[in-house]
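Below is one structure; the comments refer to it alone.
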Amino acid sequence: MKRAPIVYLPMEFAAREFEGKALIAATLAKRGYGVLFGEQWTIGTNFQRLPPGAVLFKSFNTLHRPAMTAARTYGHNVFVLEEELLARTDAKSIAGFCAEGIFDAPDVILTNSAFEKEVLTRVAPRPPKIEVCGNPRVDILKPSHRAFFKRDIDAVRARFGDFVLVNTNFGVINSFCVDLEEVTRIHVQSGFVRPGDPDSVREWSDHIEFEQLNKAAMTTAIIDLSRRKPALNIVLRPHPAEAVERWDGVFSDCPNVAVVREGPHVPWTLACNLLLHTSCTTGFEAYVGGKTALSLVAKPNWISQSFISNRLNPVFTDPLKLVDAAQSYLETGEVPVGALKAAEAEHFVWNIGDKNAANRIATLLTRDLPAPRGKVALPALQLFDRQPQHKKKFSLSIADCADAVGRIFAIIGQPPPINLDQVGDSLFYFSPASK
């Protein structure tokens with residue numbers, strides 16, 4: 001089947017994926033390509049109807065396999081970039097995300113780093129086509145793009161002033177799912193936990209213990225910091241996979257602590273005076289964004305070693321020692337340095353320096369597509385009946401989408417005349433304007 005000059009960018013979590021994917025979409029639109037981007041469920045339902053193009057999936061998760069298979073069956077060129085592997089530095093962690101069959105599902109695997117490519121090449125039974133491209137979530141944090149967040153940063157600071165941000169990532173033990181048993185079942189379905197593999201089962205137990213210990217330690221640290229500095233605002237932002245309500249009442253005796261999860265996390269990271277985390281990619285993002293971050297790891301293990309944030313940020317095992325360092329930084333500006341030099345970090349994040357991931361990904365996605373030749377007509381789409389859990393993950397109005405891409409074009413330069421149309425609930429289409 002002949003492909004058309006069109007790219008599909010399905011997304012699951014707006015709070016984490018939208019800015020980076022919108023940057024790719026704007027880059028493609030500026031080059032004249034059509035781009036359908038937004039919630040993943042309707043896109044995945046329509047591969048048989050949509051003009052064959054290039055599709056970028058966001059995970060090695062086996063739950064995406066049927067959509068990948070459908071896309072390839074109907075002539076689309078299938079790419080995948082595992083978002084969870086951004087800034088990972090441990091081979092075991094990367095290999096653990098390689099669900100069975102993942103190397104047969106896409107046409108091309110994109111990687112966040114040369115290190116990730118090395119690991120995937122070793123563990124693949126038949127090495128697939130792998131391209132190093134970095135991640136646009138890093139591009140948008142750099143000084144050249146940071147103005148994109150200025151309005152949101154100003155709004156956060158107007159609300160909280162000087163504040164310490166605590167980003168948690170307890171998506172297993174604090175999940176919005178009913179209980180840990182359901183979380184485990186989903187991870188089994190996703191291919192990330194293999195019940196017949198003792199090593200996989202043990203690693204899953206490691207994850208559960210890791211989150212339990214870190215949650216207890218960070219709770220202690222927040223309470224202690226709150227008491228030491230009662231005039232300081234402390235904002236806790238749970239991970240998108242967490243149930244916010246599970247934090248209800250935890251800090252009832254700490255009036256200066258607020259639990260908030262509104263919009264994307266990056267403006268909050270760039271607005272804070274100091275970030276505290278427990279082995280989270282946001283610690284790395286803070287580093288790129290020019291912010292100081294401290295990591296709390298109650299019991300270091302292979303999981304904590306897999307995050308580049310724990311090599312770029314100072315790491316503490318004692319919650320009270322973390323608070324000592326936080327207090328010292330807030331009062332004097334002094335903070336210990338991380339172990340990894342900036343020049344060494346490029347091996348683990350391809351575009352941490354001057355390289356541009358959005359440009360690289362746009363080039364790779366369109367390499368086997370025909371040159372743009374005007375608007376690619378879309379058929380009537382079969383709309384997916386999104387349930388509340390889907391809408392909680394990704395909901396975006398045309399006004400908010402247009403506002404975001406407008407701010408992106410203000411940074412990367414105005415495109416030729418294009419249209420931005422809403423073609424479904426939280427689903428949008430960039431197309432060249434008719435002459």
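Chain labels run A, B, ... following the order of the structure tokens; each chain numbers its residues from 1, and ligands are numbered from 1 in the order shown.
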Write out as a VMD selection string which residues come within 10 Å of Asp368 in chain A when counting only C-alpha atoms, dropping same-chain ones fewer than 2 positions away. chain A and resid 3 to 5 53 to 54 77 363 to 366 370 to 371
Go ahead and write the residues just picked, C-alpha atoms, as an mmCIF file, in the first residue's frame.
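out-v5.cif written:
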```cif
data_model
loop_
_atom_site.group_PDB
_atom_site.id
_atom_site.type_symbol
_atom_site.label_atom_id
_atom_site.label_comp_id
_atom_site.auth_asym_id
_atom_site.auth_seq_id
_atom_site.Cartn_x
_atom_site.Cartn_y
_atom_site.Cartn_z
ATOM 1 C CA ARG A 3 1.976 5.641 2.046
ATOM 2 C CA ALA A 4 0.837 9.235 2.383
ATOM 3 C CA PRO A 5 2.759 12.209 3.874
ATOM 4 C CA GLY A 53 1.625 6.835 7.122
ATOM 5 C CA ALA A 54 4.021 6.655 10.072
ATOM 6 C CA ASN A 77 5.284 2.360 9.232
ATOM 7 C CA THR A 363 13.317 13.163 10.056
ATOM 8 C CA LEU A 364 13.161 9.480 11.003
ATOM 9 C CA LEU A 365 9.359 9.322 10.930
ATOM 10 C CA THR A 366 9.186 10.801 7.432
ATOM 11 C CA PRO A 370 6.495 10.728 0.161
ATOM 12 C CA ALA A 371 7.203 14.450 0.126
#
```
Got a sec: who's within 10 Å of range 259-263 of chain A, counting only C-alpha atoms, leaving out chain neighbours fewer than 4 positions off, as a ChimeraX atom specification? /A:14-16,152,166-167,234-240,244-245,247-248,250-251,267-268
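Closest to Ala95 in chain A among A:Ser226, A:Asn214, A:Thr121, A:Asn310 is A:Thr121, based on only C-alpha atoms.
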For each of A:Thr42, A:Gln48, A:Asn313, A:Asn359, take the minimum atom-to-atom distance to Cys280 in chain A, counting only C-alpha atoms, then give the residue where this is smallest.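 Of all the options, A:Asn313 lies closest to Cys280 in chain A.
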Given the choices A:Phe37, A:Phe148, A:Phe428, A:Phe97, which gets closest to Phe409 in chain A if the distance is worked out from only C-alpha atoms?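 Under the stated criterion, the closest residue is A:Phe148.
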Between CA of Leu276 in chain A and CA of Leu86 in chain A - distance in Å to one decimal: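 One can read the CA of Leu86 in chain A to CA of Leu276 in chain A distance as 19.0 Å.
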List the neighbours of Val55 in chain A out to 7 Å using only C-alpha atoms; skip same-chain residues closer than 3 positions along the sequence, and give me the result as a list in words.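 Once the nearby chain positions are removed, what remains is Val7, Tyr8, Leu9, His76, Asn77, Val78 and Phe79 of chain A.
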Take the selection from the previous step and output its residues with N, CA and C atoms, as a JSON list (two decimals), in the first residue's frame.
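The resulting part.json:
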```json
[["chain", "number", "residue", "atom", "x", "y", "z"],
["A", 7, "VAL", "N", 1.65, 11.66, 9.58],
["A", 7, "VAL", "CA", 2.23, 11.03, 10.77],
["A", 7, "VAL", "C", 1.17, 11.00, 11.86],
["A", 8, "TYR", "N", 1.16, 9.91, 12.64],
["A", 8, "TYR", "CA", 0.21, 9.73, 13.73],
["A", 8, "TYR", "C", 0.97, 9.68, 15.05],
["A", 9, "LEU", "N", 0.54, 10.52, 16.00],
["A", 9, "LEU", "CA", 1.20, 10.61, 17.30],
["A", 9, "LEU", "C", 0.18, 10.34, 18.41],
["A", 76, "HIS", "N", 0.91, 1.05, 7.58],
["A", 76, "HIS", "CA", 1.61, 2.11, 8.31],
["A", 76, "HIS", "C", 3.02, 1.66, 8.69],
["A", 77, "ASN", "N", 3.93, 2.61, 8.76],
["A", 77, "ASN", "CA", 5.28, 2.36, 9.23],
["A", 77, "ASN", "C", 5.29, 2.58, 10.74],
["A", 78, "VAL", "N", 5.63, 1.55, 11.51],
["A", 78, "VAL", "CA", 5.45, 1.58, 12.97],
["A", 78, "VAL", "C", 6.77, 1.85, 13.68],
["A", 79, "PHE", "N", 6.77, 2.90, 14.50],
["A", 79, "PHE", "CA", 7.91, 3.27, 15.34],
["A", 79, "PHE", "C", 7.47, 3.17, 16.81]]
```
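The neighbours of range 383-391 of chain A here are the residues that come within 9 Å of it, using only C-alpha atoms and leaving out any residue fewer than 6 positions away in the same chain; they are Glu12, Glu39, Trp41, Thr42, Ile43, Gly44, Thr45, Asn46, Gly424, Asp425 and Ser426 of chain A.
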Please measure the separation of CA of Glu17 in chain A and CA of Ile352 in chain A, giving the value in Å to one decimal. 17.7 Å
One residue among A:Arg137, A:Arg227, A:His207, A:Arg151 is nearest to Thr281 in chain A when using only C-alpha atoms, and that residue is A:Arg137
Counting only C-alpha atoms, which of A:Ala231, A:Ile173, A:Ala99, A:Val35 gets nearest to Gln189 in chain A?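 Between A:Ala231, A:Ile173, A:Ala99, A:Val35, the residue approaching Gln189 in chain A most closely is A:Ala99.
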Please extract the residues of range 338-378 of chain A with a backbone DSSP assignment of alpha helix (DSSP H) and present them as a ChimeraX atom specification. /A:342-345,357-365
Next, the residues of the selection above should be written as a PDB file, in the first residue's frame with N, CA and C atoms.
```
ATOM      1  N   ALA A 342      28.316  16.413  33.437  1.00  0.00           N
ATOM      2  CA  ALA A 342      27.364  16.714  32.365  1.00  0.00           C
ATOM      3  C   ALA A 342      27.803  16.085  31.037  1.00  0.00           C
ATOM      4  N   ALA A 343      29.106  16.119  30.753  1.00  0.00           N
ATOM      5  CA  ALA A 343      29.600  15.576  29.487  1.00  0.00           C
ATOM      6  C   ALA A 343      29.360  14.078  29.385  1.00  0.00           C
ATOM      7  N   GLU A 344      29.331  13.379  30.514  1.00  0.00           N
ATOM      8  CA  GLU A 344      29.105  11.933  30.513  1.00  0.00           C
ATOM      9  C   GLU A 344      27.631  11.584  30.337  1.00  0.00           C
ATOM     10  N   ALA A 345      26.755  12.522  30.637  1.00  0.00           N
ATOM     11  CA  ALA A 345      25.322  12.236  30.615  1.00  0.00           C
ATOM     12  C   ALA A 345      24.792  12.010  29.205  1.00  0.00           C
ATOM     13  N   ALA A 357      16.072  16.504  19.600  1.00  0.00           N
ATOM     14  CA  ALA A 357      15.353  15.249  19.398  1.00  0.00           C
ATOM     15  C   ALA A 357      14.155  15.417  18.477  1.00  0.00           C
ATOM     16  N   ALA A 358      13.415  16.516  18.618  1.00  0.00           N
ATOM     17  CA  ALA A 358      12.220  16.707  17.787  1.00  0.00           C
ATOM     18  C   ALA A 358      12.581  16.718  16.307  1.00  0.00           C
ATOM     19  N   ASN A 359      13.660  17.391  15.949  1.00  0.00           N
ATOM     20  CA  ASN A 359      14.094  17.406  14.558  1.00  0.00           C
ATOM     21  C   ASN A 359      14.526  16.026  14.088  1.00  0.00           C
ATOM     22  N   ARG A 360      15.259  15.338  14.927  1.00  0.00           N
ATOM     23  CA  ARG A 360      15.742  13.995  14.590  1.00  0.00           C
ATOM     24  C   ARG A 360      14.566  13.023  14.405  1.00  0.00           C
ATOM     25  N   ILE A 361      13.604  13.056  15.321  1.00  0.00           N
ATOM     26  CA  ILE A 361      12.457  12.154  15.236  1.00  0.00           C
ATOM     27  C   ILE A 361      11.609  12.479  14.010  1.00  0.00           C
ATOM     28  N   ALA A 362      11.404  13.762  13.737  1.00  0.00           N
ATOM     29  CA  ALA A 362      10.630  14.149  12.554  1.00  0.00           C
ATOM     30  C   ALA A 362      11.282  13.622  11.282  1.00  0.00           C
ATOM     31  N   THR A 363      12.597  13.674  11.233  1.00  0.00           N
ATOM     32  CA  THR A 363      13.317  13.163  10.056  1.00  0.00           C
ATOM     33  C   THR A 363      13.165  11.652   9.931  1.00  0.00           C
ATOM     34  N   LEU A 364      13.282  10.937  11.036  1.00  0.00           N
ATOM     35  CA  LEU A 364      13.161   9.480  11.003  1.00  0.00           C
ATOM     36  C   LEU A 364      11.748   9.039  10.636  1.00  0.00           C
ATOM     37  N   LEU A 365      10.744   9.709  11.194  1.00  0.00           N
ATOM     38  CA  LEU A 365       9.359   9.322  10.930  1.00  0.00           C
ATOM     39  C   LEU A 365       8.982   9.504   9.464  1.00  0.00           C
TER      40      LEU A 365
END
```
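Of the residues listed (A:Tyr329, A:Asn356, A:Lys2, A:Pro106), A:Asn356 shows the shortest atom-to-atom separation from Gly20 in chain A; distances use only C-alpha atoms.
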